[in-house]
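Text of structure17.cif (mmCIF, C-alpha atoms; chains and numbers go by the auth columns) as supplied:
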data_coords
loop_
_atom_site.group_PDB
_atom_site.id
_atom_site.type_symbol
_atom_site.label_atom_id
_atom_site.label_comp_id
_atom_site.label_asym_id
_atom_site.label_seq_id
_atom_site.Cartn_x
_atom_site.Cartn_y
_atom_site.Cartn_z
_atom_site.B_iso_or_equiv
_atom_site.auth_seq_id
_atom_site.auth_asym_id
ATOM 1 C CA MET A 1 31.863 -31.242 -41.572 0.00 1 A
ATOM 2 C CA THR A 2 32.794 -31.257 -45.243 0.00 2 A
ATOM 3 C CA THR A 3 32.095 -34.097 -47.639 0.00 3 A
ATOM 4 C CA GLU A 4 35.803 -34.647 -48.183 0.00 4 A
ATOM 5 C CA ALA A 5 36.460 -35.056 -44.462 0.00 5 A
ATOM 6 C CA VAL A 6 33.692 -37.608 -44.076 0.00 6 A
ATOM 7 C CA LEU A 7 34.888 -39.516 -47.140 0.00 7 A
ATOM 8 C CA ILE A 8 38.413 -39.568 -45.686 0.00 8 A
ATOM 9 C CA VAL A 9 37.012 -41.052 -42.466 0.00 9 A
ATOM 10 C CA ALA A 10 35.048 -43.610 -44.510 0.00 10 A
ATOM 11 C CA ALA A 11 38.179 -44.532 -46.482 0.00 11 A
ATOM 12 C CA ALA A 12 40.152 -44.847 -43.247 0.00 12 A
ATOM 13 C CA LEU A 13 37.487 -47.159 -41.796 0.00 13 A
ATOM 14 C CA PHE A 14 37.523 -49.245 -44.942 0.00 14 A
ATOM 15 C CA GLY A 15 41.329 -49.386 -44.994 0.00 15 A
ATOM 16 C CA ILE A 16 41.558 -50.425 -41.347 0.00 16 A
ATOM 17 C CA GLY A 17 38.921 -53.071 -42.053 0.00 17 A
ATOM 18 C CA VAL A 18 40.888 -54.446 -45.014 0.00 18 A
ATOM 19 C CA TYR A 19 44.042 -54.605 -42.909 0.00 19 A
ATOM 20 C CA GLY A 20 42.166 -56.277 -40.056 0.00 20 A
ATOM 21 C CA ALA A 21 40.499 -58.819 -42.311 0.00 21 A
ATOM 22 C CA LEU A 22 43.674 -59.772 -44.152 0.00 22 A
ATOM 23 C CA SER A 23 46.195 -59.744 -41.319 0.00 23 A
ATOM 24 C CA GLN A 24 44.359 -61.495 -38.491 0.00 24 A
ATOM 25 C CA GLN A 25 44.002 -65.227 -38.017 0.00 25 A
ATOM 26 C CA SER A 26 41.301 -65.129 -35.369 0.00 26 A
ATOM 27 C CA PHE A 27 37.774 -65.576 -36.669 0.00 27 A
ATOM 28 C CA VAL A 28 36.446 -62.837 -34.408 0.00 28 A
ATOM 29 C CA MET A 29 39.037 -60.307 -35.594 0.00 29 A
ATOM 30 C CA LEU A 30 38.333 -61.301 -39.190 0.00 30 A
ATOM 31 C CA MET A 31 34.633 -60.603 -38.693 0.00 31 A
ATOM 32 C CA MET A 32 35.421 -57.279 -37.022 0.00 32 A
ATOM 33 C CA GLY A 33 37.535 -56.278 -40.023 0.00 33 A
ATOM 34 C CA LEU A 34 34.673 -57.137 -42.360 0.00 34 A
ATOM 35 C CA GLU A 35 32.305 -55.110 -40.222 0.00 35 A
ATOM 36 C CA LEU A 36 34.596 -52.081 -40.367 0.00 36 A
ATOM 37 C CA MET A 37 34.754 -52.371 -44.156 0.00 37 A
ATOM 38 C CA ILE A 38 30.966 -52.441 -44.416 0.00 38 A
ATOM 39 C CA ASN A 39 30.654 -49.490 -42.001 0.00 39 A
ATOM 40 C CA GLY A 40 33.059 -47.437 -44.113 0.00 40 A
ATOM 41 C CA ALA A 41 31.065 -48.211 -47.253 0.00 41 A
ATOM 42 C CA ILE A 42 27.776 -47.325 -45.539 0.00 42 A
ATOM 43 C CA LEU A 43 29.210 -44.025 -44.269 0.00 43 A
ATOM 44 C CA ALA A 44 30.409 -43.075 -47.751 0.00 44 A
ATOM 45 C CA LEU A 45 27.069 -44.054 -49.268 0.00 45 A
ATOM 46 C CA VAL A 46 25.024 -42.036 -46.774 0.00 46 A
ATOM 47 C CA VAL A 47 27.146 -38.886 -46.999 0.00 47 A
ATOM 48 C CA LEU A 48 27.214 -38.943 -50.794 0.00 48 A
ATOM 49 C CA TRP A 49 23.475 -39.502 -50.944 0.00 49 A
ATOM 50 C CA ALA A 50 22.805 -36.723 -48.431 0.00 50 A
ATOM 51 C CA ARG A 51 24.998 -34.250 -50.315 0.00 51 A
ATOM 52 C CA SER A 52 23.660 -35.098 -53.770 0.00 52 A
ATOM 53 C CA ALA A 53 19.966 -35.355 -52.869 0.00 53 A
ATOM 54 C CA GLY A 54 19.825 -32.096 -50.930 0.00 54 A
ATOM 55 C CA GLY A 55 19.117 -33.669 -47.559 0.00 55 A
ATOM 56 C CA ASN A 56 16.501 -36.126 -48.799 0.00 56 A
ATOM 57 C CA PRO A 57 16.134 -38.744 -46.014 0.00 57 A
ATOM 58 C CA GLN A 58 15.930 -41.702 -48.409 0.00 58 A
ATOM 59 C CA GLY A 59 19.712 -42.159 -48.251 0.00 59 A
ATOM 60 C CA GLN A 60 19.599 -42.282 -44.473 0.00 60 A
ATOM 61 C CA MET A 61 16.874 -44.906 -44.618 0.00 61 A
ATOM 62 C CA LEU A 62 18.958 -46.940 -47.043 0.00 62 A
ATOM 63 C CA GLY A 63 21.844 -46.718 -44.554 0.00 63 A
ATOM 64 C CA VAL A 64 19.608 -48.007 -41.768 0.00 64 A
ATOM 65 C CA VAL A 65 18.498 -50.909 -43.972 0.00 65 A
ATOM 66 C CA PHE A 66 22.132 -51.742 -44.781 0.00 66 A
ATOM 67 C CA MET A 67 23.052 -51.638 -41.082 0.00 67 A
ATOM 68 C CA THR A 68 20.187 -54.010 -40.307 0.00 68 A
ATOM 69 C CA VAL A 69 21.330 -56.410 -43.005 0.00 69 A
ATOM 70 C CA MET A 70 24.894 -56.130 -41.685 0.00 70 A
ATOM 71 C CA ALA A 71 23.751 -56.968 -38.158 0.00 71 A
ATOM 72 C CA VAL A 72 21.911 -60.066 -39.399 0.00 72 A
ATOM 73 C CA GLU A 73 24.949 -61.094 -41.444 0.00 73 A
ATOM 74 C CA MET A 74 27.273 -60.726 -38.460 0.00 74 A
ATOM 75 C CA THR A 75 24.878 -62.720 -36.288 0.00 75 A
ATOM 76 C CA ILE A 76 24.884 -65.583 -38.784 0.00 76 A
ATOM 77 C CA GLY A 77 28.666 -65.356 -39.100 0.00 77 A
ATOM 78 C CA PHE A 78 29.248 -65.506 -35.354 0.00 78 A
ATOM 79 C CA THR A 79 26.815 -68.405 -35.103 0.00 79 A
ATOM 80 C CA LEU A 80 28.799 -70.317 -37.728 0.00 80 A
ATOM 81 C CA ILE A 81 32.064 -69.494 -35.960 0.00 81 A
ATOM 82 C CA THR A 82 30.626 -70.754 -32.672 0.00 82 A
ATOM 83 C CA GLY A 83 29.500 -73.957 -34.382 0.00 83 A
ATOM 84 C CA VAL A 84 32.941 -74.527 -35.915 0.00 84 A
ATOM 85 C CA TYR A 85 34.579 -73.939 -32.547 0.00 85 A
ATOM 86 C CA ARG A 86 32.282 -76.390 -30.782 0.00 86 A
ATOM 87 C CA VAL A 87 32.876 -79.146 -33.350 0.00 87 A
ATOM 88 C CA ARG A 88 36.547 -78.629 -34.239 0.00 88 A
ATOM 89 C CA ARG A 89 37.926 -76.627 -31.279 0.00 89 A
ATOM 90 C CA ALA A 90 39.450 -74.323 -33.892 0.00 90 A
ATOM 91 C CA ASP A 91 39.576 -70.650 -32.982 0.00 91 A
ATOM 92 C CA ILE A 92 41.990 -69.475 -35.677 0.00 92 A
ATOM 93 C CA THR A 93 41.914 -70.006 -39.413 0.00 93 A
ATOM 94 C CA GLU A 94 45.180 -71.990 -39.475 0.00 94 A
ATOM 95 C CA LYS A 95 43.635 -74.847 -37.487 0.00 95 A
ATOM 96 C CA LEU A 96 41.067 -75.561 -40.179 0.00 96 A
ATOM 97 C CA ARG A 97 42.464 -77.627 -43.022 0.00 97 A
ATOM 98 C CA ARG A 98 39.106 -78.296 -44.593 0.00 98 A
ATOM 99 C CA LEU A 99 35.512 -77.534 -43.741 0.00 99 A
ATOM 100 C CA LYS A 100 34.052 -80.872 -44.878 0.00 100 A
ATOM 101 C CA GLY A 101 33.130 -83.606 -42.419 0.00 101 A
#
In structure tokens, what does this structure look like?
Amino acid sequence: MTTEAVLIVAAALFGIGVYGALSQQSFVMLMMGLELMINGAILALVVLWARSAGGNPQGQMLGVVFMTVMAVEMTIGFTLITGVYRVRRADITEKLRRLKG
């Protein structure tokens, strides 16, 4: 697969993620859009690193580290969403007027 094709896929993932994050009101769909954006950025980073470094595996390791950080971030995000739902019974962003008390 060529570098251009992979970068087009990465841009498509990022674009779908932006649309999903900006157009949805559900917290879960918002988080999924953010995850798609991060996946597109990681894909572009790994393919550019692999092509420029001549197959050096450091770029792949950096991608694995970023995916691990992303998984931890999504876990914390879903935990916060669950906490907000339990306290406020709000499952969409429109139901939250303020996050204080």
Next on the checklist: Starting from the PyMOL selection byres ((chain A and resi 70) around 12), expand the selection into actual residues of this file and give them as an MDAnalysis selection string.
Outcome noted: chainID A and resid 31:32 34:39 41:42 63:69 71:77
Next on the checklist: What does the structure give for the distance between atom CA of A:Leu80 and atom CA of A:Ser26, in Å to one decimal?
Outcome noted: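 One can read the atom CA of A:Leu80 to atom CA of A:Ser26 distance as 13.7 Å.
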Checklist entry - Restricting the calculation to all atoms listed in the file, which member of A:Leu62, A:Val28, A:Met1, A:Ala44 is positioned closest to A:Leu13? => result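 Looking only at the distances to A:Leu13, the closest residue turns out to be A:Ala44.
We find atom CA of A:Gly83 and atom CA of A:Leu30 to be spaced 16.2 Å apart.
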Exercise on stretch 23-40 of chain A, axis-aligned box with 6 Å per side, report centre and edge lengths in Å to one decimal, as lines of an AutoDock Vina configuration file:
center_x = 38.4
center_y = -56.5
center_z = -39.4
size_x = 27.5
size_y = 30.1
size_z = 22.0
Can you pull out the residues contacting A:Leu43? Cut-off 8 Å, using all atoms listed in the file, and skip same-chain residues under 5 positions away; I want them as a PDB file with C-alpha atoms, keeping the file's coordinate frame.
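Output saved as selection-v4.pdb:
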ATOM      1  CA  VAL A   6      33.692 -37.608 -44.076  1.00  0.00           C
ATOM      2  CA  LEU A   7      34.888 -39.516 -47.140  1.00  0.00           C
ATOM      3  CA  ALA A  10      35.048 -43.610 -44.510  1.00  0.00           C
ATOM      4  CA  GLY A  63      21.844 -46.718 -44.554  1.00  0.00           C
TER       5      GLY A  63
END
Next on the checklist: List as a ChimeraX atom specification the protein and nucleic acid residues near A:Gly33, meaning an atom at most 6 Å away when only C-alpha atoms are counted, but skip any in the same chain fewer than 4 places from it.
Outcome noted: /A:17,20-21
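In this structure, atom CA of A:Asn56 sits 22.0 Å away from atom CA of A:Val9.
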Checklist outcome for this item: Using only C-alpha atoms, the shortest atom-to-atom distance to A:Thr2 among A:Leu22, A:Val47, A:Met61, A:Val84 belongs to A:Val47
Checklist entry - Between A:Ile81, A:Val18, A:Ala11, A:Leu45, which is the closest to A:Gln60 once you count all atoms listed in the file? => result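 Looking only at the distances to A:Gln60, the closest residue turns out to be A:Leu45.
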Save stretch 3-101 of chain A to a file: C-alpha atoms, as a PDB file, in the first residue's frame.
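Wrote decode01.pdb, looks like this:
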ATOM      1  CA  THR A   3       1.979   6.198   1.635  1.00  0.00           C
ATOM      2  CA  GLU A   4      -0.616   8.392  -0.042  1.00  0.00           C
ATOM      3  CA  ALA A   5      -3.316   5.740   0.286  1.00  0.00           C
ATOM      4  CA  VAL A   6      -2.624   5.240   3.974  1.00  0.00           C
ATOM      5  CA  LEU A   7      -2.596   8.995   4.579  1.00  0.00           C
ATOM      6  CA  ILE A   8      -5.952   9.270   2.789  1.00  0.00           C
ATOM      7  CA  VAL A   9      -7.355   6.587   5.105  1.00  0.00           C
ATOM      8  CA  ALA A  10      -5.898   8.434   8.112  1.00  0.00           C
ATOM      9  CA  ALA A  11      -7.446  11.712   6.928  1.00  0.00           C
ATOM     10  CA  ALA A  12     -10.783   9.971   6.395  1.00  0.00           C
ATOM     11  CA  LEU A  13     -10.651   8.541   9.930  1.00  0.00           C
ATOM     12  CA  PHE A  14      -9.821  11.951  11.323  1.00  0.00           C
ATOM     13  CA  GLY A  15     -12.584  13.623   9.303  1.00  0.00           C
ATOM     14  CA  ILE A  16     -15.204  11.092  10.382  1.00  0.00           C
ATOM     15  CA  GLY A  17     -14.042  11.587  13.968  1.00  0.00           C
ATOM     16  CA  VAL A  18     -14.399  15.373  13.713  1.00  0.00           C
ATOM     17  CA  TYR A  19     -17.894  14.997  12.281  1.00  0.00           C
ATOM     18  CA  GLY A  20     -18.832  12.492  14.983  1.00  0.00           C
ATOM     19  CA  ALA A  21     -17.465  14.631  17.790  1.00  0.00           C
ATOM     20  CA  LEU A  22     -19.129  17.830  16.620  1.00  0.00           C
ATOM     21  CA  SER A  23     -22.493  16.519  15.459  1.00  0.00           C
ATOM     22  CA  GLN A  24     -23.480  14.081  18.201  1.00  0.00           C
ATOM     23  CA  GLN A  25     -25.066  14.954  21.518  1.00  0.00           C
ATOM     24  CA  SER A  26     -24.549  11.606  23.205  1.00  0.00           C
ATOM     25  CA  PHE A  27     -21.488  11.391  25.422  1.00  0.00           C
ATOM     26  CA  VAL A  28     -20.625   7.933  24.129  1.00  0.00           C
ATOM     27  CA  MET A  29     -20.759   9.029  20.482  1.00  0.00           C
ATOM     28  CA  LEU A  30     -18.686  12.091  21.348  1.00  0.00           C
ATOM     29  CA  MET A  31     -16.009   9.883  22.892  1.00  0.00           C
ATOM     30  CA  MET A  32     -16.092   7.568  19.876  1.00  0.00           C
ATOM     31  CA  GLY A  33     -15.526  10.547  17.579  1.00  0.00           C
ATOM     32  CA  LEU A  34     -12.544  11.622  19.663  1.00  0.00           C
ATOM     33  CA  GLU A  35     -11.168   8.104  19.527  1.00  0.00           C
ATOM     34  CA  LEU A  36     -11.450   8.026  15.737  1.00  0.00           C
ATOM     35  CA  MET A  37      -9.592  11.337  15.521  1.00  0.00           C
ATOM     36  CA  ILE A  38      -6.759  10.010  17.675  1.00  0.00           C
ATOM     37  CA  ASN A  39      -6.620   6.764  15.654  1.00  0.00           C
ATOM     38  CA  GLY A  40      -6.310   8.732  12.414  1.00  0.00           C
ATOM     39  CA  ALA A  41      -3.471  10.798  13.864  1.00  0.00           C
ATOM     40  CA  ILE A  42      -1.683   7.682  15.141  1.00  0.00           C
ATOM     41  CA  LEU A  43      -2.016   5.975  11.746  1.00  0.00           C
ATOM     42  CA  ALA A  44      -0.550   8.993   9.956  1.00  0.00           C
ATOM     43  CA  LEU A  45       2.271   9.236  12.485  1.00  0.00           C
ATOM     44  CA  VAL A  46       3.214   5.561  12.209  1.00  0.00           C
ATOM     45  CA  VAL A  47       3.150   5.434   8.407  1.00  0.00           C
ATOM     46  CA  LEU A  48       5.175   8.625   8.050  1.00  0.00           C
ATOM     47  CA  TRP A  49       7.705   7.411  10.588  1.00  0.00           C
ATOM     48  CA  ALA A  50       7.974   4.002   8.919  1.00  0.00           C
ATOM     49  CA  ARG A  51       8.488   5.533   5.474  1.00  0.00           C
ATOM     50  CA  SER A  52      10.998   8.160   6.587  1.00  0.00           C
ATOM     51  CA  ALA A  53      13.043   5.982   8.954  1.00  0.00           C
ATOM     52  CA  GLY A  54      13.452   3.085   6.538  1.00  0.00           C
ATOM     53  CA  GLY A  55      11.431   0.596   8.554  1.00  0.00           C
ATOM     54  CA  ASN A  56      12.954   1.471  11.921  1.00  0.00           C
ATOM     55  CA  PRO A  57      10.569   0.005  14.550  1.00  0.00           C
ATOM     56  CA  GLN A  58      10.788   3.023  16.867  1.00  0.00           C
ATOM     57  CA  GLY A  59       7.793   4.631  15.141  1.00  0.00           C
ATOM     58  CA  GLN A  60       5.733   1.504  15.671  1.00  0.00           C
ATOM     59  CA  MET A  61       6.658   1.489  19.342  1.00  0.00           C
ATOM     60  CA  LEU A  62       5.641   5.129  19.615  1.00  0.00           C
ATOM     61  CA  GLY A  63       2.288   4.180  18.058  1.00  0.00           C
ATOM     62  CA  VAL A  64       1.807   1.436  20.639  1.00  0.00           C
ATOM     63  CA  VAL A  65       2.594   3.900  23.436  1.00  0.00           C
ATOM     64  CA  PHE A  66       0.080   6.391  22.009  1.00  0.00           C
ATOM     65  CA  MET A  67      -2.581   3.670  21.765  1.00  0.00           C
ATOM     66  CA  THR A  68      -1.957   2.741  25.396  1.00  0.00           C
ATOM     67  CA  VAL A  69      -2.302   6.356  26.471  1.00  0.00           C
ATOM     68  CA  MET A  70      -5.472   6.633  24.373  1.00  0.00           C
ATOM     69  CA  ALA A  71      -6.955   3.558  26.043  1.00  0.00           C
ATOM     70  CA  VAL A  72      -6.261   4.996  29.503  1.00  0.00           C
ATOM     71  CA  GLU A  73      -7.746   8.336  28.451  1.00  0.00           C
ATOM     72  CA  MET A  74     -10.907   6.689  27.135  1.00  0.00           C
ATOM     73  CA  THR A  75     -11.233   4.654  30.326  1.00  0.00           C
ATOM     74  CA  ILE A  76     -11.070   7.808  32.439  1.00  0.00           C
ATOM     75  CA  GLY A  77     -13.514   9.549  30.104  1.00  0.00           C
ATOM     76  CA  PHE A  78     -16.065   6.747  30.264  1.00  0.00           C
ATOM     77  CA  THR A  79     -15.686   6.630  34.036  1.00  0.00           C
ATOM     78  CA  LEU A  80     -16.468  10.347  34.245  1.00  0.00           C
ATOM     79  CA  ILE A  81     -19.440   9.924  31.911  1.00  0.00           C
ATOM     80  CA  THR A  82     -20.760   7.084  34.070  1.00  0.00           C
ATOM     81  CA  GLY A  83     -20.362   9.247  37.172  1.00  0.00           C
ATOM     82  CA  VAL A  84     -22.225  12.156  35.566  1.00  0.00           C
ATOM     83  CA  TYR A  85     -25.014   9.824  34.491  1.00  0.00           C
ATOM     84  CA  ARG A  86     -25.378   8.340  37.965  1.00  0.00           C
ATOM     85  CA  VAL A  87     -25.553  11.756  39.652  1.00  0.00           C
ATOM     86  CA  ARG A  88     -27.476  13.815  37.086  1.00  0.00           C
ATOM     87  CA  ARG A  89     -29.255  11.178  34.952  1.00  0.00           C
ATOM     88  CA  ALA A  90     -27.929  13.099  31.950  1.00  0.00           C
ATOM     89  CA  ASP A  91     -26.968  11.008  28.945  1.00  0.00           C
ATOM     90  CA  ILE A  92     -26.713  13.792  26.366  1.00  0.00           C
ATOM     91  CA  THR A  93     -24.819  17.055  26.485  1.00  0.00           C
ATOM     92  CA  GLU A  94     -27.969  19.210  26.284  1.00  0.00           C
ATOM     93  CA  LYS A  95     -29.168  18.007  29.692  1.00  0.00           C
ATOM     94  CA  LEU A  96     -26.139  19.442  31.458  1.00  0.00           C
ATOM     95  CA  ARG A  97     -26.444  23.156  32.101  1.00  0.00           C
ATOM     96  CA  ARG A  98     -23.450  23.320  34.380  1.00  0.00           C
ATOM     97  CA  LEU A  99     -21.019  20.837  35.847  1.00  0.00           C
ATOM     98  CA  LYS A 100     -20.755  22.438  39.301  1.00  0.00           C
ATOM     99  CA  GLY A 101     -22.609  21.056  42.305  1.00  0.00           C
TER     100      GLY A 101
END
